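Colleague: Have a look at the structure that comes next, please.
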Amino acid sequence: MGRSGGSAHRLGRQRGDSSGYPDAAAAAEQGPQRSDGGRRRRNRSRAPRWARVCTMLGALLVLVSGAGLVGFEAVLARYEGSVQEADLFGDEAAGTVPEKKSDIKGPLNILLVGIDPRTKEWSPLADSIMVLHVNETLDSAYLFSLPRDLLVRIPAFDKADYRGGTEKLNAAMAHGSKVPGEKLPSAAQGFELLSRTVSEVTGIERFDAGAIINFNGFQKIVDAMGGVDMYIDTNVKSEHRQPNGKMRTLKPGGGGYTGPQAQYRKGDAHLSGWQALDYVRQRYGLPNGDYDRQRHQQQFVRAMADQALSKDVVTNPIKLDSVLRAAGESLIFNGRGHDLVEFAFALRGLRSDSIQMIKLPGGGVTQGGSYQGERFQPIAEEFFASIRTGTVDSFVISNPELLNKAR
C-alpha cells in the first residue's frame, strides 16, 4: 500500500435515509445539499484477536470484532456481505484500480466521513470528517478532524458539472454527489470530490482507504450493545431533542426549536443510542462551537470501540450478532484492492488507547461582520507536514497542546 508523504489512498460512501430532522431550516444551516479456525493468540488483552481490530472507527471495529468467535469464513459470509462497497475514489471509472498486494503496510492514511442523511433525494452532507493516520508499525495512530465549516478551495469536478470554488468543506460532498440527468445523488461520487478537497487541504495526495458511516447506524449499534459508557467533559443542552428523546417543536416560521431540552451533564454517563447520537451532534451553546463537537465525536469513537470490546459484548453471541449486523449496515467501505477483513487483520494491534486524538486550532472568518466559515491556525499546516514527512510522533511530543484528552 502507499505511504505518507504523497502516497496515501482512500475510502467510503453511503445511502440516504431519514435522520429525523424535519425542517429545511436546519438543513440549510448545514450548507448545500482466511481461515484461522478460530485459533487464539496471546495478545495484549484478553479479547479475541479479531475483537481488537480496526478501532479506526466504531462501526468498522464492531463489524470485525466477532471474527475470532465465529471463525474467518463465517465473518466473510455472514457480516462482510452486509458492508456496502463502492468506487469512492473514481478508480474503477478511470481504469486505475490498484493491483491487490499480499499485505497491507504502513504508514496509512484513512479518510472517514460521517453523514447524517435525511432522504434519498437530498445531497449528502459531510457532518463529520476525520483522518486516521496509522504509523508504520500499524499499532498506533493519530485521529484528527477537519471542521465542516472550514473555508477551502473545492476543485472543479466534471462528473458533477461543478466548476470549483471557495466554500465550506462540507459543501464538497454535496456538490460532488450531483449526477447530471439523474434525480438521486451519489454519495460515493460526492466522497470522491471531498477526498480530493481534503487532499488539497492536508497535502496527503491519496488515501489508503476510506469509509462513509451513517450516523443513524451508530444509534442502532449503540442500542445493540446496550448503550455506551463515556465521559461528558462539559454540560451540553440539546438543540434537537426533548428529555424523552422526541424531537423538539419547530418555531413558527423556522429559525430554531422550542420546548424542553435533553441535557448531558459533565461526568461519567451511560448513553442510549439516541442520546449518544444527539450528544455528538451538538455544537450550539458550546464554548468552542464545532471544535468542541469534533472533540466529542472523537471521544465517542473511542468509547464505542471500548464498549464493543467489553466482555458484555464479545462473550454474548446474541448481542454480538446484533451489533455486527448493525455495524455492517452502517458502513460503506473501500480498501483500494483490500477488503474489510484484510484491513481488520492488518490493524489487529491497534487499540483505542493507542489512538491519540488531535485537536487542530482554528477560528472564525468574518467579512463585513458576517460569518464566512473557519480557518486553521498555522500550526495545523505544520502538523500536516509532519504526516507527509513521517515525523508526526516527534512533532506531537513537541506540541502536546494538540492532544485531545479522552476525559
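Following the order of the C-alpha cells, chains are lettered A, B, ..., residues in each are numbered from 1, and ligands are numbered from 1.
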Could you give me, as an mmCIF file with C-alpha atoms, in the first residue's frame, each residue of range 289-356 of chain A that DSSP assigns to alpha helix (DSSP H) when run on this structure's backbone?
Modeller:
```
data_model
loop_
_atom_site.group_PDB
_atom_site.id
_atom_site.type_symbol
_atom_site.label_atom_id
_atom_site.label_comp_id
_atom_site.auth_asym_id
_atom_site.auth_seq_id
_atom_site.Cartn_x
_atom_site.Cartn_y
_atom_site.Cartn_z
ATOM 1 C CA ASP A 290 -17.834 22.966 16.229
ATOM 2 C CA TYR A 291 -14.355 22.407 17.689
ATOM 3 C CA ASP A 292 -15.958 21.081 20.872
ATOM 4 C CA ARG A 293 -18.265 18.901 18.782
ATOM 5 C CA GLN A 294 -15.258 17.469 16.927
ATOM 6 C CA ARG A 295 -13.709 16.521 20.264
ATOM 7 C CA HIS A 296 -16.920 14.891 21.430
ATOM 8 C CA GLN A 297 -17.159 12.873 18.212
ATOM 9 C CA GLN A 298 -13.592 11.637 18.675
ATOM 10 C CA GLN A 299 -14.346 10.692 22.270
ATOM 11 C CA PHE A 300 -17.471 8.865 21.159
ATOM 12 C CA VAL A 301 -15.478 6.815 18.625
ATOM 13 C CA ARG A 302 -13.131 5.650 21.369
ATOM 14 C CA ALA A 303 -15.934 4.964 23.852
ATOM 15 C CA MET A 304 -17.835 2.992 21.232
ATOM 16 C CA ALA A 305 -14.753 0.931 20.409
ATOM 17 C CA ASP A 306 -14.128 0.196 24.093
ATOM 18 C CA GLN A 307 -17.738 -0.873 24.553
ATOM 19 C CA ALA A 308 -17.534 -3.174 21.551
ATOM 20 C CA LYS A 311 -16.837 -8.827 27.807
ATOM 21 C CA ASP A 312 -20.506 -7.910 27.871
ATOM 22 C CA VAL A 313 -20.455 -7.820 24.060
ATOM 23 C CA VAL A 314 -17.768 -10.226 22.810
ATOM 24 C CA PRO A 317 -23.280 -14.386 20.952
ATOM 25 C CA ILE A 318 -26.786 -12.939 20.609
ATOM 26 C CA LYS A 319 -25.718 -9.388 21.428
ATOM 27 C CA LEU A 320 -22.588 -9.719 19.303
ATOM 28 C CA ASP A 321 -24.597 -10.852 16.296
ATOM 29 C CA SER A 322 -26.939 -7.865 16.615
ATOM 30 C CA VAL A 323 -24.023 -5.452 16.969
ATOM 31 C CA LEU A 324 -22.167 -6.849 13.962
ATOM 32 C CA ARG A 325 -25.226 -6.717 11.752
ATOM 33 C CA ALA A 326 -25.956 -3.124 12.720
ATOM 34 C CA ALA A 327 -22.324 -2.190 12.051
ATOM 35 C CA GLY A 328 -22.326 -3.768 8.622
ATOM 36 C CA GLU A 329 -25.482 -1.951 7.595
ATOM 37 C CA LEU A 340 -12.547 -5.111 5.148
ATOM 38 C CA VAL A 341 -11.319 -8.272 6.855
ATOM 39 C CA GLU A 342 -7.810 -7.821 5.422
ATOM 40 C CA PHE A 343 -7.692 -4.329 6.872
ATOM 41 C CA ALA A 344 -9.008 -5.697 10.143
ATOM 42 C CA PHE A 345 -6.189 -8.240 10.287
ATOM 43 C CA ALA A 346 -3.553 -5.649 9.375
#
```
Colleague: Taking the backbone alone, and naming residues the way the document does, which bits of range 167-246 of chain A are strand (DSSP E) by DSSP, as a ChimeraX atom specification?
Modeller: /A:167-168,207-214,228-232,236-237
Colleague: Take the residues from that selection and write them out as an mmCIF file, in the first residue's frame, keeping N, CA, C and O atoms.
Modeller:
```cif
data_model
loop_
_atom_site.group_PDB
_atom_site.id
_atom_site.type_symbol
_atom_site.label_atom_id
_atom_site.label_comp_id
_atom_site.auth_asym_id
_atom_site.auth_seq_id
_atom_site.Cartn_x
_atom_site.Cartn_y
_atom_site.Cartn_z
ATOM 1 N N GLU A 167 -15.530 27.478 -0.765
ATOM 2 C CA GLU A 167 -16.730 27.279 0.051
ATOM 3 C C GLU A 167 -16.353 26.529 1.320
ATOM 4 O O GLU A 167 -15.181 26.201 1.546
ATOM 5 N N LYS A 168 -17.351 26.224 2.128
ATOM 6 C CA LYS A 168 -17.138 25.399 3.306
ATOM 7 C C LYS A 168 -16.878 23.954 2.878
ATOM 8 O O LYS A 168 -17.427 23.474 1.892
ATOM 9 N N PHE A 207 -5.462 8.628 -0.326
ATOM 10 C CA PHE A 207 -5.767 7.901 0.902
ATOM 11 C C PHE A 207 -5.721 6.403 0.651
ATOM 12 O O PHE A 207 -6.128 5.923 -0.401
ATOM 13 N N ASP A 208 -5.212 5.678 1.642
ATOM 14 C CA ASP A 208 -5.079 4.232 1.517
ATOM 15 C C ASP A 208 -6.415 3.516 1.628
ATOM 16 O O ASP A 208 -6.538 2.376 1.211
ATOM 17 N N ALA A 209 -7.381 4.153 2.218
ATOM 18 C CA ALA A 209 -8.700 3.558 2.374
ATOM 19 C C ALA A 209 -9.656 4.655 2.794
ATOM 20 O O ALA A 209 -9.244 5.769 3.110
ATOM 21 N N GLY A 210 -10.920 4.347 2.788
ATOM 22 C CA GLY A 210 -11.905 5.329 3.197
ATOM 23 C C GLY A 210 -13.222 4.664 3.557
ATOM 24 O O GLY A 210 -13.470 3.516 3.198
ATOM 25 N N ALA A 211 -14.043 5.389 4.273
ATOM 26 C CA ALA A 211 -15.344 4.851 4.661
ATOM 27 C C ALA A 211 -16.345 5.971 4.844
ATOM 28 O O ALA A 211 -15.993 7.067 5.258
ATOM 29 N N ILE A 212 -17.575 5.676 4.507
ATOM 30 C CA ILE A 212 -18.700 6.548 4.837
ATOM 31 C C ILE A 212 -19.521 5.826 5.892
ATOM 32 O O ILE A 212 -19.862 4.663 5.742
ATOM 33 N N ILE A 213 -19.818 6.523 6.954
ATOM 34 C CA ILE A 213 -20.576 5.943 8.053
ATOM 35 C C ILE A 213 -21.863 6.716 8.236
ATOM 36 O O ILE A 213 -21.870 7.943 8.310
ATOM 37 N N ASN A 214 -22.942 6.001 8.273
ATOM 38 C CA ASN A 214 -24.257 6.574 8.506
ATOM 39 C C ASN A 214 -24.432 6.790 10.002
ATOM 40 O O ASN A 214 -24.449 5.840 10.784
ATOM 41 N N VAL A 228 -23.705 2.938 25.629
ATOM 42 C CA VAL A 228 -22.268 3.173 25.645
ATOM 43 C C VAL A 228 -21.911 4.027 26.855
ATOM 44 O O VAL A 228 -22.645 4.959 27.213
ATOM 45 N N ASP A 229 -20.820 3.688 27.510
ATOM 46 C CA ASP A 229 -20.322 4.455 28.651
ATOM 47 C C ASP A 229 -19.284 5.453 28.145
ATOM 48 O O ASP A 229 -18.324 5.070 27.461
ATOM 49 N N MET A 230 -19.465 6.731 28.466
ATOM 50 C CA MET A 230 -18.469 7.717 28.087
ATOM 51 C C MET A 230 -18.473 8.871 29.075
ATOM 52 O O MET A 230 -19.442 9.059 29.831
ATOM 53 N N TYR A 231 -17.389 9.613 29.052
ATOM 54 C CA TYR A 231 -17.252 10.757 29.950
ATOM 55 C C TYR A 231 -17.716 12.011 29.230
ATOM 56 O O TYR A 231 -17.241 12.326 28.139
ATOM 57 N N ILE A 232 -18.660 12.726 29.839
ATOM 58 C CA ILE A 232 -19.142 14.002 29.308
ATOM 59 C C ILE A 232 -18.246 15.084 29.890
ATOM 60 O O ILE A 232 -18.205 15.277 31.106
ATOM 61 N N VAL A 236 -23.945 20.013 28.251
ATOM 62 C CA VAL A 236 -24.462 20.224 26.899
ATOM 63 C C VAL A 236 -25.983 20.167 26.924
ATOM 64 O O VAL A 236 -26.562 19.258 27.541
ATOM 65 N N LYS A 237 -26.615 21.129 26.262
ATOM 66 C CA LYS A 237 -28.057 21.094 26.060
ATOM 67 C C LYS A 237 -28.348 20.758 24.603
ATOM 68 O O LYS A 237 -27.699 21.277 23.700
#
```
Colleague: My list of candidates is A:Arg241, A:Arg196, A:Lys120, A:Lys359. Which is closest to Ser145 in chain A when distances are computed with only C-alpha atoms?
Modeller: A:Lys359
Colleague: Just how far from CA of Ile129 in chain A is CA of Ala188 in chain A, in Å to one decimal?
Modeller: 14.7 Å
Colleague: Mind running range 77-172 of chain A against range 273-284 of chain A at 12 Å and telling me each contacting residue's nearest atom pair with the distance in Å (one decimal), counting only C-alpha atoms, chain and number ascending, as CSV?
Modeller:
```
residue,atom,partner,partner_atom,distance
A:Gly114,CA,A:Arg281,CA,11.0
A:Ile115,CA,A:Arg281,CA,11.1
A:Asp116,CA,A:Arg281,CA,9.6
A:Asp127,CA,A:Arg281,CA,8.6
A:Ser128,CA,A:Arg281,CA,9.3
A:Pro147,CA,A:Arg283,CA,11.6
A:Arg148,CA,A:Arg283,CA,11.9
```
Colleague: How far is it from CA of Gly289 in chain A to CA of Gly165 in chain A, in Å with one decimal?
Modeller: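 Result for CA of Gly289 in chain A versus CA of Gly165 in chain A: 25.2 Å, one decimal.
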Colleague: Which residue gives the smallest distance to Leu347 in chain A among A:Ala262, A:Ala224, A:Leu125, A:Val134, with only C-alpha atoms counted?
Modeller: A:Val134
Colleague: Which one is closest to Gly267 in chain A: A:Asn235, A:Gln242, A:Asn216, A:Thr197? Count only C-alpha atoms.
Modeller: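 When distances to Gly267 in chain A are compared using only C-alpha atoms, the smallest one comes from A:Asn235.
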